[in-house]
Structure formats: C-alpha cells, structure tokens
Amino acid sequence: MPGWLYQRLGDRLFSALVVGLALGVVLAALAIVWVLYQGGREALHTFGFLGFLTGSRWDAVRGEFGAWPPLLGTLVTSAAALFLAFFPALSAALFVVEFAPRALKGAVAYLIDLLAALPSVVYGLWGIFVLVPLVRERVELPLFTWAAAHAPGLLAFLGPPTGIGMLSAILVLALMIVPYASALARDALALVPQSQREAMYALGATRWEVIRRVVIPYARAGIFSGVVLALARALGETMAVTMLIGNSVNLPYTLFGPAATMASLIANEFTEAEDDLHLSALIAVGFVLLLIALATNLVAAWVLRRMSLGEGRK
Amino acid sequence: MNLRRRYLRDRVMQGLVYLGTLAVLLPLFFILYYVFVQGIGALDLAFFTRPPAPPGEGGGGMLPAIVGSLVVDLIALALAAVFGVAAGVLLAEYPDHPLNPFLRLVSDVMAGLPAILMGLVAFVLVVKPMGHFSGFSGAVALALIMVPIITRATEGVLKLIPWEITEAGLALGLPRWRVILSLVLPAARGGILTGLMLALARGAGEAAPLLFTAFGNPFLTLNPLEPMDTLPLKLYVYAISPYEDWHRQAWGAALLLAAAIMVANYLARRATRS
Amino acid sequence: MEGRYRMETQRLSVYYGKHPGVRGVSLPVHDRKITALIGPSGCGKTTFLRALNRMHDLNPIVRVEGRVLLDGEDIYAPEVDPVVVRRRVGMVFQRPTPFPTMSIFENVVAGLRLVGVRDRKRLMEAAERALRMAALWDEVKDRLHQPAVGLSGGQQQRLSIARALAVEPEVLLMDEPTSALDPISTQAIEDLLATLKDEVTIVIVTHNMQQAARVSDYTAFFLDGELVEFDRTEKIFTNPKDPRTEAYITGRFG
C-alpha cells in the first residue's frame, strides 16, 4: 500500500472509529432520557405530568399513581442528609488540607476515599443490624417515651419508634455522602495557591483567620458545587435507603416511621409490578428522578464555571 | 488587643475541625470492624464453593453469586472499556472535534445519575425485547455506569502524556493513528488500567441496577443470557430476609466486597502516586 | 530603641532539613533606610528575608538558629508571638497576590479587619492613607469597591504594598517586588520606595543589581548562604572590598 494511502486511510478509519464510539456514548446518554420518557409516557398521559407529580396517593391495587409521596421522601431525606453531612465533610477536608501533619494527610484522605467506595448494600447491611437497633434504643424510644409523658402532641410527628424508618435512612444517607462531599471539598481547598495563604499570614493572621478569610472564599466555587453534587448523589441513593426506610409509600410521613423515596419505591415494586400502568408509573418515577438529577448536576457544573477563579478543573 | 480572643477562636475552630474529622472517621472504623468481625466467620469453604441452600438448612454458599459477579462485571467492563477509552481518546487527542463539548457534558452528567435509572434503561432496552432477565442486561446497566469513569480517567492520563512523544512519532513519519495506537496509548497504559480497575470496583458493588436486569439466580450458570446472581444482589436479598444463616452469609459477602474494593483503591492510589 | 538598628540578625542560620540555606549571617538593618539584598539565584537572600518575619514557621522542615532582633528583642524568643511579629514586619511578595474574592477596598483593609477594626470611617481613612503611600490612590479612588483582580499587574502589586502598609508596620520586607512587572510599573514602584522610606524601614531582595544601586542606601551581597559583604550602596558598587562581590557586580557570574 502506498505510503500516503496507509497514512490517510488509516487516519480516516481510526478517527471514524473513535468518533463513532464516542458518538455511541452520547447516544447512550440520550437513550437514557428517551427510554425513561417513553416508558413513563403512559402513566404521565393518564395522570398528566403535573397531576402525577402532585398526586398524593400511590395505590397499585386501584391503579392510582401519584408520585408526590416518594418525591417528598426523596427531597426530605436528601436535604436532611446533606444538612447533617455538610460540616463533618468540610471539617474532614479542612483537616486533610490545612491541619494534618504530612504523615497523616495521605492516610486520612485514603480512609475517606475508602468510605466513599464502600457499596451501598454494605452500608445498608450495617444499617439494619447495627444502626437501626442503636437508633431505636438510644434515640427513638427515649424521645418517644419522653414525648408520651411531656408532649403528647409531638407523638404524631415522631411516629412509631421501631428504628426502621425515615430517621435511620437519613442517618445512613448522611454517612454515605460525607466522604463524597469531603473529597470534593478537599480538591477545591487543595487548589488554593500557597501564595494566597502566605499573603494573609504576612498580615499577622492566625491559622483559622487565614482559612476563613482566604482559603474558603477562594475555594467556594468548588465547595459549593461539591455540595450540589453530593446532593445529586443523595437523591439517587437506593440500596441502603431501601433497606432502612421501611417502604411505606403513603403519606403522612413521620420522623421515626416508615417512608419511601423515589429510588426505594422503584427498587421495591418494580419486579412485582403486574400491569402495564404500574410499570409505566414506576418508570415515570424514574423519569422524574432523572430530571431532578440532571438539573442538580447541571447546576453544579454551572456553579463551578461561574464562580471559579482561574483554574477550572479539566 | 483582642489577640487572646483571636487565639481562642483559632483553638476552638481547630477543635471543631478535629471533632468533625473524627465524626467522619469513627463510623468508618465502626463499619469496617463490624464487617470484619461478623463476616470473617462466614467466609468458609462452603461460602465459596456451594450454591445457596434453602433457608432452614444451612451449609449453603454463594458460588453462583461470586461467579455471576465475575461474569456480569467483566462483560460490563469490556463493553464500557471500548466506548469509554474511545471517548477519552477523542477528548484528549482530538480536542477541537465538534462532538467534544457534548461528549464532555454528557460524560459529566452521566457520572452523577442514580444507578437504578441505568437498570430501568437496560430493562426496557434488553430485558423486555428478550422477554426475560439476563446477566447480559445487567452488564449493559453496569456498563452505562462505568463509561463516564473510564472516559474521565482515560482523558486525564492521556492529557498528561507529553506532547514530545506525539511529536517524535510524527517526526518519524508515522501517521497520526499509528502514533496514538503504538506510542501514546501504551504510554498511558497504567492510567487507563487504573481507570478500568476503579470502574470495575464501582460496578462490582452495585445492586440497584441489577434488581430487574440480572435479577438473581439460585443456580450456578455461566450463560449471560440467563438471569444471574451477583454478590451485592445476594447480599441485599439475604440481608432483608428473616434467616440467621442468611444474615451470616450476607456479612461474609460484605467482607468480600469491602476487601476487594479496598485492594482496588489501594492499587489505584499506588498507580497514581508513581 | 537602642542603637541605630531597627532590626539586626546575629549569626542567623536557616536549615531546610539538613541543608543550610543561610549560614551564620549577622546583618544590621538601619532604621528608615532601604537595605538591598543581592546575589545570584540560590544564594539564600530570600530564605534570609523570610526569616525576618518568621514566615519559615509555616514550613515544618525548616529550622532557624541564631537571633533576629526587632527593636533590640529577639523575635524567635519562645514567648514571642509570630502573629504580632508579622504585624510589625510586613511582607510583599514577588507575584502580586490580591485576594480575588475581595474588592480593592477590602483587600487594603484586610489586615486591619484582623485586629477587629470595624469602624467604617477609620477603615476608609486608613485605606486612603495606605493607597496614597503606595501611589495608587488616584487610580482607584473611584472604584474602591470593584474586584481587585480587575487591576493590572503593576496596580495589583501596588495594592499588595498598600495592603501591607495599612497595618502600619515598622519594617517592610519586599521579595523581588518588581521582577514580575513591566518596566513602567517597575519604575513606579521604585519611585514610591523613595518616599516610603521616611515612614517605614525597608529590606528589599532583588536580582536586579541596577535596581539595588538606584534604590537602596545599604546593600548586602549574599553567596552560597553566606553574607559576603555589607556596606553603604555607593561603596559596594564603586569600591567593593571582597573580590567575589566585585565579580558579581561586574557581571562575571550571576
């Protein structure tokens, strides 16, 4: 084969192959959106998109599918978990970047990354046999008996102190997103140039003042986008939540009592769903979850671009 | 001067940071301790070599799930590697290609999507047409999760390869495609393998996307067109069951998974360090 | 204050692990004069400078031996607070480092906010005073609340100087402050040094000999971590005592 043909043809074929496969990735992503929409269409048409989102009754027997309860469950558990996770995550990130002696830095970072890599089912297993009894004995029962004696009005909010329920699910969810959020915050903090810190120290600042006035503000884009990404992670968490949340779809939810999230609902009911409407409703829930996850991820990316100071990642 | 107050605040905040860090690390040790203590007893020979026994009997194992994990995860990895590495190559080696902004956006967003959704997609695209659950559909779901990880890792390591290598190859008269295949990619081999390993570790731990794709199977099978069991799936089913013996085995599976992931992470760290 | 020296080092040595970056340097810093530190790269002049405001405390592998006197008292004495030292001995770095999330005004008063000054009027007055001293006031007085990163390189460096001056230090350390700047900005900063020294003692590290000759009253020549020669600037540049000094001055190495 003449040289130029070898070159030209080879280049053409190779780049066509690479582009083709990459295009496959893009198409796969589009397929995700398309498939979920199509699968959920029947349910969405039957109830109307808004009707589906706000419908408060999920009853497979009667063929009534309103997604508000699991949607609420997802939002509440994720927000609460994020709230609990934020300060520990930021603290651990600050520890690794600003406080830890050299020897400890790598070890602690490794441990946190390890926590982030543990599968959801392992958290769930530990949750069922260790966390739930603990929460029941140490938190729920005492609180419940106290309320029964002193503030009976609170009982309706608290719900049955069995351990399995929303509280445990929130706790395990918080546990799971801490390492993820911490790693992201750590990356953001590590990008702060040493010269910034030095300039603040040179003005006569204590270490905390340097952190609070220079390091954290400088890294705020990365930290904030990390928080949003952690939220996205929490929204989609399935196994551990399913194992601990008690899976009761219908409102009202209580703090201790069973509840459901969109992901846990799908995990629980999908293999049992008999009729097409039920299946379609479940896929529609998946579609809603997709929209929320997409929106959250896009917000995170936008925040990073907008608020970043100079060095963007990638 | 309020220097004392400033130092007090410095100390207090340092204490809070240490406390927060402890709050993150203590549960980790707690969990690992439990998994180890509860799980070590379950990892006997039977665990690795026997199929599950009916609930009352005991003496069963997780052989089908272990084998199933290997089959499903490796098929998924193969699928994901082909697409993921190609995508990484496009992003790194052809930075001006018009597909890139879409590819990057898609890859970043896919990385943040709930795993269970991939299971739904694989259900509609593979399970429904086939008419039954299969290991292969599970592999498709896992592949969708793995692709963004591999893409990111591949792009990252390719970007680190110095331009001089490409230049040298081109100067020798090699066409672009030869340079990439024979010079650049081999130089990036370590980083790409690390990315594959991390993707595998991620996929190996997933259960949600397999609930209605691979579905599970109490019998040993090597055929990916049949429903298959995996370790995380089995762990889930056993954990929520009412049987002590099954709980015991669930801890064993957890230990096995945790250990494998620890090893994978450690190797990945070592690789990126050097 | 005893003697004429605002600062003085006595057998100061700085070790990076085992390796000595500065060896046994005893150097006086005359009050309200400009002392220049010159020498080839790696000679230890920057390491020496950073020992003067205890910046090496931030680096766990660095060890400092000897004494550094500020107004007659050793700043490395165990009961001395580095935070206080750094207020009295300020520093300007090679690259301008405005705090990017702060406005021009906030940057200048950053040091004052640290000690708890909150009164708006006081802060404004201090900011104006510092910016005038740094020859930047006229250029920024109408945009004090705009982001500091919008300034040019030369303006940012003068902002850094103003920021350091706002806390009214006794000594100002400058680590190659103009090496990253264009000639016009360099000139502007050299000009303001002349007026600055009436209020602040200045120690400036520079790799540019001509700058040292133009700007300083005293010059110290460093080589391999040692102080080779120290004298009035005219003497160093016209009639150096040590042959190594002469070799450096005449450009035979550097």
# chains A, B, ... in the order shown; residues from 1 in each chain; ligands from 1
call {"tool": "interface_residues", "arguments": {"of": "chain A", "to": "chain C", "cutoff": "9 Å", "atoms": "only C-alpha atoms", "output": "PDB file with N, CA and C atoms, in the first residue's frame"}}
result
ATOM      1  N   PRO A 101      -0.647  16.838  59.909  1.00  0.00           N
ATOM      2  CA  PRO A 101       0.788  16.715  59.646  1.00  0.00           C
ATOM      3  C   PRO A 101       0.991  15.825  58.435  1.00  0.00           C
ATOM      4  N   SER A 195       0.558  30.913  47.825  1.00  0.00           N
ATOM      5  CA  SER A 195       0.878  32.332  47.898  1.00  0.00           C
ATOM      6  C   SER A 195      -0.264  33.133  48.515  1.00  0.00           C
ATOM      7  N   GLN A 196      -1.490  32.680  48.310  1.00  0.00           N
ATOM      8  CA  GLN A 196      -2.630  33.368  48.920  1.00  0.00           C
ATOM      9  C   GLN A 196      -2.557  33.263  50.442  1.00  0.00           C
ATOM     10  N   GLU A 198       0.091  32.679  52.254  1.00  0.00           N
ATOM     11  CA  GLU A 198       1.244  33.410  52.757  1.00  0.00           C
ATOM     12  C   GLU A 198       0.943  34.898  52.875  1.00  0.00           C
ATOM     13  N   ALA A 199       0.229  35.421  51.863  1.00  0.00           N
ATOM     14  CA  ALA A 199      -0.066  36.852  51.889  1.00  0.00           C
ATOM     15  C   ALA A 199      -0.900  37.202  53.116  1.00  0.00           C
ATOM     16  N   MET A 200      -1.810  36.312  53.494  1.00  0.00           N
ATOM     17  CA  MET A 200      -2.645  36.589  54.657  1.00  0.00           C
ATOM     18  C   MET A 200      -1.854  36.422  55.952  1.00  0.00           C
ATOM     19  N   TYR A 201      -1.041  35.356  56.013  1.00  0.00           N
ATOM     20  CA  TYR A 201      -0.202  35.168  57.193  1.00  0.00           C
ATOM     21  C   TYR A 201       0.680  36.390  57.405  1.00  0.00           C
ATOM     22  N   ALA A 202       1.200  36.938  56.294  1.00  0.00           N
ATOM     23  CA  ALA A 202       2.140  38.060  56.382  1.00  0.00           C
ATOM     24  C   ALA A 202       1.497  39.307  56.976  1.00  0.00           C
ATOM     25  N   LEU A 203       0.143  39.345  56.988  1.00  0.00           N
ATOM     26  CA  LEU A 203      -0.533  40.488  57.587  1.00  0.00           C
ATOM     27  C   LEU A 203      -0.727  40.294  59.085  1.00  0.00           C
ATOM     28  N   GLY A 204      -0.297  39.143  59.582  1.00  0.00           N
ATOM     29  CA  GLY A 204      -0.453  38.875  61.000  1.00  0.00           C
ATOM     30  C   GLY A 204      -1.769  38.182  61.308  1.00  0.00           C
ATOM     31  N   ALA A 205      -2.017  37.060  60.636  1.00  0.00           N
ATOM     32  CA  ALA A 205      -3.268  36.344  60.857  1.00  0.00           C
ATOM     33  C   ALA A 205      -2.992  35.011  61.525  1.00  0.00           C
ATOM     34  N   THR A 206      -3.972  34.525  62.299  1.00  0.00           N
ATOM     35  CA  THR A 206      -3.860  33.182  62.858  1.00  0.00           C
ATOM     36  C   THR A 206      -4.276  32.188  61.771  1.00  0.00           C
ATOM     37  N   GLU A 209      -7.876  32.315  60.836  1.00  0.00           N
ATOM     38  CA  GLU A 209      -8.223  33.518  60.082  1.00  0.00           C
ATOM     39  C   GLU A 209      -7.823  33.369  58.621  1.00  0.00           C
ATOM     40  N   ARG A 213     -10.785  33.586  55.973  1.00  0.00           N
ATOM     41  CA  ARG A 213     -10.855  34.791  55.164  1.00  0.00           C
ATOM     42  C   ARG A 213     -10.288  34.637  53.766  1.00  0.00           C
ATOM     43  N   VAL A 214      -9.416  33.640  53.579  1.00  0.00           N
ATOM     44  CA  VAL A 214      -8.782  33.500  52.265  1.00  0.00           C
ATOM     45  C   VAL A 214      -9.044  32.147  51.619  1.00  0.00           C
ATOM     46  N   PRO A 217     -13.032  31.231  51.037  1.00  0.00           N
ATOM     47  CA  PRO A 217     -13.600  32.048  49.964  1.00  0.00           C
ATOM     48  C   PRO A 217     -13.015  31.701  48.599  1.00  0.00           C
ATOM     49  N   TYR A 218     -11.718  31.492  48.550  1.00  0.00           N
ATOM     50  CA  TYR A 218     -11.087  31.175  47.271  1.00  0.00           C
ATOM     51  C   TYR A 218     -11.662  29.886  46.686  1.00  0.00           C
ATOM     52  N   LEU A 309     -12.316  30.601  40.096  1.00  0.00           N
ATOM     53  CA  LEU A 309     -11.326  31.665  39.993  1.00  0.00           C
ATOM     54  C   LEU A 309     -10.127  31.187  39.205  1.00  0.00           C
TER      55      LEU A 309
END
call {"tool": "residues_around", "arguments": {"residues": "Pro179 in chain A", "least_positions_apart": "3", "cutoff": "10 Å", "atoms": "only C-alpha atoms", "output": "JSON, numbers by chain"}}
result
{"A": [85, 88, 89, 90, 92, 93, 109, 111, 112, 113, 114, 115, 116, 117, 174, 175, 176, 182, 183, 184, 185, 230], "B": [24, 25, 28]}
call {"tool": "interface_residues", "arguments": {"of": "chain A", "to": "chain B", "cutoff": "7 Å", "atoms": "only C-alpha atoms", "output": "PyMOL selection string"}}
result
chain A and resi 7+10-11+14+18-19+21-22+25-26+29+32+35-36+87-88+91-92+95+114-115+118-119+121-122+125-126+206-208+232-233+236-239+267+271+286+293-294+297
call {"tool": "atom_distance", "arguments": {"atom1": "CA of Thr195 in chain C", "atom2": "CA of Tyr5 in chain C"}}
result
19.9 Å
call {"tool": "atom_distance", "arguments": {"atom1": "CA of Leu44 in chain A", "atom2": "CA of Leu290 in chain A"}}
result
14.5 Å
call {"tool": "residues_around", "arguments": {"residues": "Gly246 in chain A", "least_positions_apart": "5", "cutoff": "6 Å", "atoms": "only C-alpha atoms", "output": "list in words"}}
result
Ile164, Gly165, Pro258 and Ala259 of chain A
call {"tool": "residues_around", "arguments": {"residues": "range 205-218 of chain C", "least_positions_apart": "3", "cutoff": "6 Å", "atoms": "only C-alpha atoms", "output": "PyMOL selection string"}}
result
chain C and resi 34-38+175-176+231-233
call {"tool": "residues_around", "arguments": {"residues": "Thr194 in chain B", "least_positions_apart": "4", "cutoff": "8 Å", "atoms": "only C-alpha atoms", "output": "number ranges by chain"}}
result
B: 153, 190, 198, 267-268, 271
call {"tool": "write_last_selection", "arguments": {"atoms": "C-alpha atoms", "output": "compact mmCIF listing (two decimals), in the first residue's frame"}}
result
# COMPACT_ATOMS: atom_id res chain seq x y z
CA ALA B 153 -9.64 8.50 33.65
CA GLY B 190 -1.03 2.41 33.55
CA LEU B 198 -11.80 1.76 39.55
CA LEU B 267 -3.67 -0.27 43.88
CA ALA B 268 -5.19 2.72 42.13
CA ALA B 271 -0.51 3.66 40.48
call {"tool": "residues_around", "arguments": {"residues": "Leu189 in chain A", "least_positions_apart": "2", "cutoff": "7 Å", "atoms": "only C-alpha atoms", "output": "PDB file with N, CA and C atoms, in the first residue's frame"}}
result
ATOM      1  N   VAL A  97      -6.300  19.134  54.321  1.00  0.00           N
ATOM      2  CA  VAL A  97      -5.543  20.136  53.569  1.00  0.00           C
ATOM      3  C   VAL A  97      -4.796  21.116  54.467  1.00  0.00           C
ATOM      4  N   ALA A 185     -14.677  18.723  48.423  1.00  0.00           N
ATOM      5  CA  ALA A 185     -14.241  19.931  49.115  1.00  0.00           C
ATOM      6  C   ALA A 185     -12.724  19.944  49.234  1.00  0.00           C
ATOM      7  N   ARG A 186     -12.161  18.764  49.503  1.00  0.00           N
ATOM      8  CA  ARG A 186     -10.714  18.657  49.638  1.00  0.00           C
ATOM      9  C   ARG A 186     -10.013  19.069  48.343  1.00  0.00           C
ATOM     10  N   ASP A 187     -10.551  18.613  47.227  1.00  0.00           N
ATOM     11  CA  ASP A 187      -9.968  19.000  45.937  1.00  0.00           C
ATOM     12  C   ASP A 187     -10.001  20.505  45.761  1.00  0.00           C
ATOM     13  N   LEU A 191      -6.630  23.357  45.724  1.00  0.00           N
ATOM     14  CA  LEU A 191      -6.296  24.205  44.579  1.00  0.00           C
ATOM     15  C   LEU A 191      -5.935  25.632  44.976  1.00  0.00           C
ATOM     16  N   VAL A 192      -6.183  25.997  46.229  1.00  0.00           N
ATOM     17  CA  VAL A 192      -5.858  27.350  46.654  1.00  0.00           C
ATOM     18  C   VAL A 192      -4.337  27.509  46.664  1.00  0.00           C
ATOM     19  N   VAL A 215      -8.758  31.062  52.361  1.00  0.00           N
ATOM     20  CA  VAL A 215      -8.812  29.737  51.742  1.00  0.00           C
ATOM     21  C   VAL A 215     -10.226  29.344  51.343  1.00  0.00           C
ATOM     22  N   ALA A 219     -11.936  28.929  47.581  1.00  0.00           N
ATOM     23  CA  ALA A 219     -12.381  27.602  47.132  1.00  0.00           C
ATOM     24  C   ALA A 219     -13.893  27.471  47.080  1.00  0.00           C
TER      25      ALA A 219
END
call {"tool": "residues_around", "arguments": {"residues": "Gly51 in chain A", "least_positions_apart": "4", "cutoff": "10 Å", "atoms": "only C-alpha atoms", "output": "number ranges by chain"}}
result
A: 44-47, 55-56, 65-68
call {"tool": "closest_atom_pairs", "arguments": {"of": "range 157-241 of chain C", "to": "range 123-143 of chain C", "cutoff": "7 Å", "atoms": "only C-alpha atoms", "output": "Markdown table"}}
result
| residue | atom | partner | partner_atom | distance |
| --- | --- | --- | --- | --- |
| C:Arg158 | CA | C:Ala134 | CA | 5.7 |
| C:Ile161 | CA | C:Ala134 | CA | 6.2 |
| C:Ala162 | CA | C:Ala130 | CA | 4.9 |
| C:Leu165 | CA | C:Ala130 | CA | 5.7 |
| C:Ala166 | CA | C:Ala130 | CA | 5.1 |
| C:Leu192 | CA | C:Ala134 | CA | 6.5 |
| C:Leu196 | CA | C:Met133 | CA | 6.7 |
call {"tool": "select_by_dssp", "arguments": {"residues": "range 56-88 of chain B", "states": "helix (DSSP H, G or I)", "output": "PyMOL selection string"}}
result
chain B and resi 63-88
call {"tool": "atom_distance", "arguments": {"atom1": "CA of Met174 in chain C", "atom2": "CA of Gly116 in chain C"}}
result
25.9 Å
call {"tool": "select_by_dssp", "arguments": {"residues": "range 46-190 of chain C", "states": "strand (DSSP E or B)", "output": "list in words"}}
result
Val62, Arg63, Val64, Glu65, Gly66, Arg67, Val68, Leu69, Leu70, Glu73, Asp74, Val89, Gly90, Met91, Val92, Ser103, Pro147, Val171, Leu172, Leu173, Met174 and Asp175 of chain C
